[in-house]
Each structure stands twice: as structure tokens, then as C-alpha cells.
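Quick notes on the structure that follows.
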Amino acid sequence: MDATPNAMIRLEGVGKRYPDGTVAVHELDLAVAEGDLVVLVGPSGCGKSTTLKMVNRLIEPTSGRILLDGEDVTKGDPVALRRRMGYVIQQVGLFPHQNIAANVATVPRLMGWDKTRIRGRVNELLELVGLDPDHYADRYPHQLSGGQRQRVGVARALAADPPVLLMDEPFGAVDPIVRDRLQAEFLRLQKEVRKTILFVTHDLDEAVRLGDRIAVLREGGHLEQYDTPATILGAPATDFVAEFVGGDRGLKRLAVTPVSPDDLEPLPDGGVGDAPTVSLPSSLRDALAVMLSSDKGFVVIGQDGQPLGILTPSGVHAALRHSVEAGVH
């Protein structure tokens, strides 16, 4: 059993077996700490979405317990449970005949909030997800782009200020450029609201970019590894995980390994001239990207406006090795 302290969501031996004998999820133990974003990732048929839907009981588990903030939710009212959780899906699911304000207000309206409170919350959330309420509140879903509809879906999920968000491939239906922007916007949003999030994706790059921790599942709903992105990429626990994360996992780890002053070489005696500079905190990927755009062969790493040293290609390689050896997460 995972001993994660302050677990907001805890799955204890949770399983789903269908009448024909098909096992979708096999005795899953998983704990999600309060304020963490945990990503469920794996191939088709590994039980990712089934697990998510068991947490809010859109699918009933056939075994085990699901605890929300210590309370066994399998014994209570599923409708009341869902009002305590935000839920975002790939196709958004906005009501086409209602304007954006009414869509965002769905749960607060069901909970009996007064109109003034609802209006204030709707405006607050639209601003939070980057949509001007004066411009978008009275529009209808068909008048918005796919990325804008996805933002409305996130706003609606946050409307009643639930402690938990469940997100099932929320950015999977948009093009890569919009997806990248939505991911960046969502990371910004999570820093502000710090919800406990269970997030499903089939895209490992998305999992690495967004997740505090990643749960890698294989067919039949078996949990293969549950750890930080850096550990999963740097030290796969099983052959399945190693194959799933791919032979380029070293490149992926650049995005989740921070530049450390310990990885730097001293500033050259003659100065660095017009060499490119990257400020801490930054990832190795960010630093390498800047390095490759220059003909200097290195990048200056600075902090608070002061240069600390230079990062070279050999320094990037050494930093990756150190992160594995030291178990840096």
C-alpha cells in the first residue's frame, strides 16, 4: 500500500471485472497527494479511463475501496459525489443550447447558489482561463474554437471550487499547436488553484510535461510503475515501462531535469561576450535549445541577473548522469 501522506484520493485494491470475465482494472492501489497532478498513462485497453470513471462512480468498481479525503465514496450518493469533483473530457460536453455563462454555472446552479454569486464566479473563472467574460459570456459553444471550448470545460469543472479534478484526455481533440498552448495555460492555472488532479492521457510527452507523478498502466489495468516523471524516464522499473517510454527517454528527461549550479563550468577569463544566457530556474531542455541556436557552443547560466557559469554539451550529459545516480526527482 502506498504510504503517501495527505492523500486526497486513495484507491485500495480497486478492480473492475465485467460479466463476461474481462478484467479492465486489476486490484489497483494508488494514492494521490493533496495538490498533486497525477497522470494515468499507458496503451489502449490498460484501464486508464475506467479507473478515472470509477473515482466519480460513472463506472462502479467490482472490488476495493475508493477514498476521497479519507471517506469511502463507494458507500455514498454518487450524484452528490460528482458535485464534489470537477470532470473534464476530450469532447468537452458543453450544452449547445446554453451560452458560455450558463454552461460554466451548471453545478453552482444545481447547488442552489444565488444569481449574484453565480455571476461573480462565472466572470472570475472565465478570466482565470483567459477568456474575457465581456466578450465570451453571452456566446454559444458553436461560436468558439476548439481550444476556447476546452477552456470553458475547465472553467465549468472549477465552478463550485471542487477539491478534485478528473480529466480524461482533455486536450486530445485539438491540433498540436493549440494543445501546446492549452498545456502551458493549464500549468499556469494549476499553480494558482492547486487542485488535486487525476489526469488521463495516452501521450507520454503530455504526461511528462504536466504530471507531478505518473502511473504507468499495462493491459488489464495492472500498475507497472508510479513515480515522478524524472524517475520513470531515468530508471524504468520494468521492461514494459522501458519499452513504453521509448529509447529516446534520455531526450525526454531533459525537460524534467533542472539546471544545477553544480553542472556548470567556470566563466572563461576573457569573458563571455555576446553569449546566450539562460536564467535559473530552467530545465536542461530549455538551456540546450538556447545553446543550439547559437554558434558559441555553450550557454551562460545566470540567476538574479548575475552569471554563475557556463553550461556545455558535456555538462548537459553529466547533469543527466548525475540525476540518475543521485535519484533527483
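Naming works like this for the C-alpha cells: A, B, ... for the chains as they're shown, residue 1 at the start of each chain, ligands 1 onward in shown order.
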Polymer residues at most 6 Å from segment 139-152 of chain A, only C-alpha atoms, same-chain spacing of 5 or more positions, as a PyMOL selection string
chain A and resi 92+96+99-100+129
Please produce a file of those selected residues containing N, CA, C and O atoms, as a PDB file, in the first residue's frame.
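Listing of again.pdb after writing:
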```pdb
ATOM      1  N   VAL A  92     -15.363  17.863 -24.413  1.00  0.00           N
ATOM      2  CA  VAL A  92     -15.861  18.983 -23.599  1.00  0.00           C
ATOM      3  C   VAL A  92     -17.272  18.748 -23.054  1.00  0.00           C
ATOM      4  O   VAL A  92     -17.508  18.828 -21.862  1.00  0.00           O
ATOM      5  N   PRO A  96     -25.088  22.778 -26.012  1.00  0.00           N
ATOM      6  CA  PRO A  96     -25.066  23.670 -27.174  1.00  0.00           C
ATOM      7  C   PRO A  96     -26.122  24.766 -27.141  1.00  0.00           C
ATOM      8  O   PRO A  96     -25.945  25.826 -27.739  1.00  0.00           O
ATOM      9  N   ASN A  99     -25.635  29.453 -23.375  1.00  0.00           N
ATOM     10  CA  ASN A  99     -24.454  30.273 -23.617  1.00  0.00           C
ATOM     11  C   ASN A  99     -23.332  29.877 -22.660  1.00  0.00           C
ATOM     12  O   ASN A  99     -23.509  29.029 -21.773  1.00  0.00           O
ATOM     13  N   ILE A 100     -22.180  30.482 -22.837  1.00  0.00           N
ATOM     14  CA  ILE A 100     -20.998  30.081 -22.077  1.00  0.00           C
ATOM     15  C   ILE A 100     -21.193  30.311 -20.583  1.00  0.00           C
ATOM     16  O   ILE A 100     -20.833  29.472 -19.752  1.00  0.00           O
ATOM     17  N   VAL A 129      -9.269  31.422 -16.940  1.00  0.00           N
ATOM     18  CA  VAL A 129      -8.861  30.565 -18.056  1.00  0.00           C
ATOM     19  C   VAL A 129      -8.549  31.365 -19.322  1.00  0.00           C
ATOM     20  O   VAL A 129      -8.367  30.802 -20.401  1.00  0.00           O
TER      21      VAL A 129
END
```
Skipping near chain neighbours, those fewer than 6 positions away, what residues fall within 7 Å of Met167 of chain A using only C-alpha atoms, listed as a list of chain:residue names?
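What passes the distance filter is A:Tyr87, A:Val88, A:Ile89, A:Leu198, A:Phe199, A:Val200.
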Residue subset to file, keeping C-alpha atoms, as a PDB file, in the first residue's frame:
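Ended up saving to part-v7.pdb:
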```
ATOM      1  CA  TYR A  87     -14.824  16.465 -14.617  1.00  0.00           C
ATOM      2  CA  VAL A  88     -13.298  17.416 -17.968  1.00  0.00           C
ATOM      3  CA  ILE A  89     -13.462  15.185 -21.041  1.00  0.00           C
ATOM      4  CA  LEU A 198      -6.184  12.786 -11.790  1.00  0.00           C
ATOM      5  CA  PHE A 199      -5.415  13.170 -15.492  1.00  0.00           C
ATOM      6  CA  VAL A 200      -5.677  10.545 -18.249  1.00  0.00           C
TER       7      VAL A 200
END
```
Name the closest residue to Val14 of chain A among the candidates A:His222, A:Arg285, A:Arg188, A:Arg213; distances are taken between atoms, counting only C-alpha atoms.
A:His222
Interatomic distance (Å, one decimal) between atom CA of Ala137 of chain A and atom CA of Gln90 of chain A:
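Straight-line distance from atom CA of Ala137 of chain A to atom CA of Gln90 of chain A works out to 21.5 Å.
Close contacts of Thr277 of chain A, defined as residues with an atom at most 6 Å away when counting only C-alpha atoms, with chain neighbours fewer than 4 positions off set aside, comprise Val299, Val300 and Ile301 of chain A.
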Prev. selection, N, CA and C atoms, output as a PDB file, in the first residue's frame:
```pdb
ATOM      1  N   VAL A 299      26.201  27.916 -23.125  1.00  0.00           N
ATOM      2  CA  VAL A 299      25.229  28.924 -22.720  1.00  0.00           C
ATOM      3  C   VAL A 299      25.587  29.393 -21.317  1.00  0.00           C
ATOM      4  N   VAL A 300      25.460  30.679 -21.086  1.00  0.00           N
ATOM      5  CA  VAL A 300      25.711  31.241 -19.760  1.00  0.00           C
ATOM      6  C   VAL A 300      24.477  31.027 -18.895  1.00  0.00           C
ATOM      7  N   ILE A 301      24.693  30.527 -17.708  1.00  0.00           N
ATOM      8  CA  ILE A 301      23.590  30.332 -16.755  1.00  0.00           C
ATOM      9  C   ILE A 301      23.684  31.425 -15.704  1.00  0.00           C
TER      10      ILE A 301
END
```
Per DSSP on the backbone, filter segment 61-266 of chain A down to the residues in strand (DSSP E or B) and report them as a tab-separated table (two decimals) with N, CA, C and O atoms, in the first residue's frame.
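And here is the file that came out, result14.tsv:
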```tsv
chain	number	residue	atom	x	y	z
A	63	SER	N	-14.58	-4.33	-6.95
A	63	SER	CA	-13.84	-4.69	-5.73
A	63	SER	C	-13.05	-3.49	-5.26
A	63	SER	O	-12.79	-2.54	-6.03
A	64	GLY	N	-12.66	-3.52	-3.98
A	64	GLY	CA	-11.81	-2.49	-3.42
A	64	GLY	C	-12.56	-1.28	-2.89
A	64	GLY	O	-13.79	-1.22	-2.91
A	65	ARG	N	-11.78	-0.31	-2.41
A	65	ARG	CA	-12.33	0.92	-1.84
A	65	ARG	C	-11.72	2.13	-2.52
A	65	ARG	O	-10.55	2.11	-2.91
A	66	ILE	N	-12.52	3.20	-2.64
A	66	ILE	CA	-12.04	4.47	-3.16
A	66	ILE	C	-12.30	5.51	-2.08
A	66	ILE	O	-13.46	5.73	-1.69
A	67	LEU	N	-11.24	6.15	-1.60
A	67	LEU	CA	-11.35	7.12	-0.53
A	67	LEU	C	-11.11	8.53	-1.08
A	67	LEU	O	-10.13	8.77	-1.80
A	68	LEU	N	-11.99	9.44	-0.73
A	68	LEU	CA	-11.82	10.86	-1.04
A	68	LEU	C	-11.67	11.60	0.28
A	68	LEU	O	-12.60	11.65	1.08
A	71	GLU	N	-12.76	9.50	3.15
A	71	GLU	CA	-14.13	8.99	3.15
A	71	GLU	C	-14.32	7.97	2.03
A	71	GLU	O	-13.96	8.24	0.87
A	72	ASP	N	-14.88	6.82	2.35
A	72	ASP	CA	-15.14	5.78	1.35
A	72	ASP	C	-16.33	6.20	0.50
A	72	ASP	O	-17.48	6.15	0.93
A	85	MET	N	-16.54	16.93	-7.39
A	85	MET	CA	-15.41	16.72	-8.29
A	85	MET	C	-15.67	17.43	-9.62
A	85	MET	O	-16.76	17.32	-10.17
A	86	GLY	N	-14.67	18.12	-10.13
A	86	GLY	CA	-14.75	18.63	-11.48
A	86	GLY	C	-14.41	17.52	-12.45
A	86	GLY	O	-13.59	16.64	-12.15
A	87	TYR	N	-15.03	17.54	-13.63
A	87	TYR	CA	-14.82	16.47	-14.62
A	87	TYR	C	-14.70	17.09	-16.00
A	87	TYR	O	-15.59	17.82	-16.44
A	88	VAL	N	-13.56	16.85	-16.65
A	88	VAL	CA	-13.30	17.42	-17.97
A	88	VAL	C	-12.98	16.28	-18.93
A	88	VAL	O	-12.12	15.43	-18.64
A	89	ILE	N	-13.67	16.25	-20.07
A	89	ILE	CA	-13.46	15.18	-21.04
A	89	ILE	C	-12.98	15.76	-22.37
A	89	ILE	O	-13.00	16.98	-22.58
A	164	VAL	N	-11.14	18.29	-6.12
A	164	VAL	CA	-10.57	17.30	-7.03
A	164	VAL	C	-11.05	17.56	-8.45
A	164	VAL	O	-12.23	17.87	-8.68
A	165	LEU	N	-10.13	17.44	-9.42
A	165	LEU	CA	-10.47	17.47	-10.83
A	165	LEU	C	-10.11	16.13	-11.46
A	165	LEU	O	-9.02	15.60	-11.23
A	166	LEU	N	-11.02	15.60	-12.26
A	166	LEU	CA	-10.77	14.40	-13.06
A	166	LEU	C	-10.77	14.85	-14.52
A	166	LEU	O	-11.72	15.49	-14.98
A	167	MET	N	-9.71	14.50	-15.25
A	167	MET	CA	-9.55	14.99	-16.62
A	167	MET	C	-9.20	13.82	-17.53
A	167	MET	O	-8.18	13.15	-17.33
A	168	ASP	N	-10.08	13.56	-18.51
A	168	ASP	CA	-9.92	12.41	-19.39
A	168	ASP	C	-9.57	12.89	-20.81
A	168	ASP	O	-10.44	13.34	-21.54
A	196	THR	N	-6.20	18.95	-6.58
A	196	THR	CA	-5.76	17.56	-6.70
A	196	THR	C	-6.34	17.02	-7.99
A	196	THR	O	-7.56	17.00	-8.16
A	197	ILE	N	-5.49	16.57	-8.91
A	197	ILE	CA	-5.94	16.24	-10.26
A	197	ILE	C	-5.51	14.84	-10.65
A	197	ILE	O	-4.34	14.46	-10.48
A	198	LEU	N	-6.46	14.07	-11.16
A	198	LEU	CA	-6.18	12.79	-11.79
A	198	LEU	C	-6.45	12.98	-13.28
A	198	LEU	O	-7.56	13.35	-13.68
A	199	PHE	N	-5.42	12.74	-14.09
A	199	PHE	CA	-5.41	13.17	-15.49
A	199	PHE	C	-5.08	11.96	-16.36
A	199	PHE	O	-4.06	11.29	-16.13
A	200	VAL	N	-5.90	11.67	-17.35
A	200	VAL	CA	-5.68	10.55	-18.25
A	200	VAL	C	-5.16	11.04	-19.59
A	200	VAL	O	-5.70	12.00	-20.16
A	201	THR	N	-4.11	10.40	-20.09
A	201	THR	CA	-3.63	10.68	-21.44
A	201	THR	C	-2.95	9.44	-22.00
A	201	THR	O	-2.49	8.59	-21.23
A	213	ARG	N	3.42	13.28	-10.66
A	213	ARG	CA	3.74	11.85	-10.66
A	213	ARG	C	2.98	11.20	-11.81
A	213	ARG	O	1.94	11.70	-12.25
A	214	ILE	N	3.52	10.09	-12.29
A	214	ILE	CA	2.93	9.36	-13.40
A	214	ILE	C	2.70	7.91	-12.98
A	214	ILE	O	3.59	7.28	-12.41
A	215	ALA	N	1.51	7.40	-13.27
A	215	ALA	CA	1.20	5.98	-13.08
A	215	ALA	C	1.16	5.33	-14.45
A	215	ALA	O	0.31	5.68	-15.28
A	216	VAL	N	2.07	4.40	-14.70
A	216	VAL	CA	2.12	3.68	-15.97
A	216	VAL	C	1.34	2.37	-15.81
A	216	VAL	O	1.69	1.55	-14.97
A	217	LEU	N	0.29	2.22	-16.62
A	217	LEU	CA	-0.54	1.03	-16.58
A	217	LEU	C	-0.31	0.18	-17.82
A	217	LEU	O	0.00	0.71	-18.89
A	218	ARG	N	-0.47	-1.12	-17.69
A	218	ARG	CA	-0.45	-2.00	-18.86
A	218	ARG	C	-1.80	-2.69	-18.99
A	218	ARG	O	-2.69	-2.52	-18.15
A	222	HIS	N	-3.08	-3.24	-14.86
A	222	HIS	CA	-2.00	-3.53	-13.91
A	222	HIS	C	-1.09	-2.32	-13.80
A	222	HIS	O	-0.64	-1.78	-14.82
A	223	LEU	N	-0.77	-1.92	-12.58
A	223	LEU	CA	0.12	-0.79	-12.36
A	223	LEU	C	1.57	-1.26	-12.44
A	223	LEU	O	2.00	-2.10	-11.65
A	224	GLU	N	2.32	-0.72	-13.40
A	224	GLU	CA	3.71	-1.12	-13.61
A	224	GLU	C	4.69	-0.24	-12.82
A	224	GLU	O	5.69	-0.73	-12.31
A	225	GLN	N	4.41	1.06	-12.76
A	225	GLN	CA	5.30	1.96	-12.02
A	225	GLN	C	4.55	3.23	-11.70
A	225	GLN	O	3.73	3.71	-12.48
A	226	TYR	N	4.84	3.78	-10.51
A	226	TYR	CA	4.20	5.01	-10.07
A	226	TYR	C	5.28	5.87	-9.44
A	226	TYR	O	5.78	5.56	-8.35
A	227	ASP	N	5.68	6.94	-10.13
A	227	ASP	CA	6.78	7.75	-9.62
A	227	ASP	C	6.79	9.09	-10.35
A	227	ASP	O	5.91	9.39	-11.15
A	258	PRO	N	16.27	19.85	-13.91
A	258	PRO	CA	16.63	21.27	-13.81
A	258	PRO	C	18.13	21.47	-13.96
A	258	PRO	O	18.93	20.60	-13.60
A	265	GLU	N	30.52	24.99	-15.62
A	265	GLU	CA	31.95	25.25	-15.66
A	265	GLU	C	32.17	26.73	-15.36
A	265	GLU	O	31.28	27.56	-15.56
```
Counting only C-alpha atoms, figure out which residue out of A:Gly309, A:Lys252, A:Thr74, A:Pro261 gets nearest to Asp286 of chain A.
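Between A:Gly309, A:Lys252, A:Thr74, A:Pro261, the residue approaching Asp286 of chain A most closely is A:Lys252.
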For Ser323 of chain A, the nearest of the candidates A:Pro78, A:Asp295, A:Leu254, A:Leu288, counting only C-alpha atoms:
A:Leu254
Taking 5 positions as the minimum chain separation for residues in the same chain, which residues sit within 8 Å of Ala101 of chain A when counting only C-alpha atoms? Answer as a PDB file with C-alpha atoms, in the first residue's frame.
```
ATOM      1  CA  ARG A 119     -22.435  35.664 -11.954  1.00  0.00           C
ATOM      2  CA  VAL A 122     -18.541  32.762 -13.774  1.00  0.00           C
ATOM      3  CA  ALA A 137     -20.078  35.001 -21.558  1.00  0.00           C
ATOM      4  CA  ASP A 138     -23.010  35.510 -23.942  1.00  0.00           C
TER       5      ASP A 138
END
```
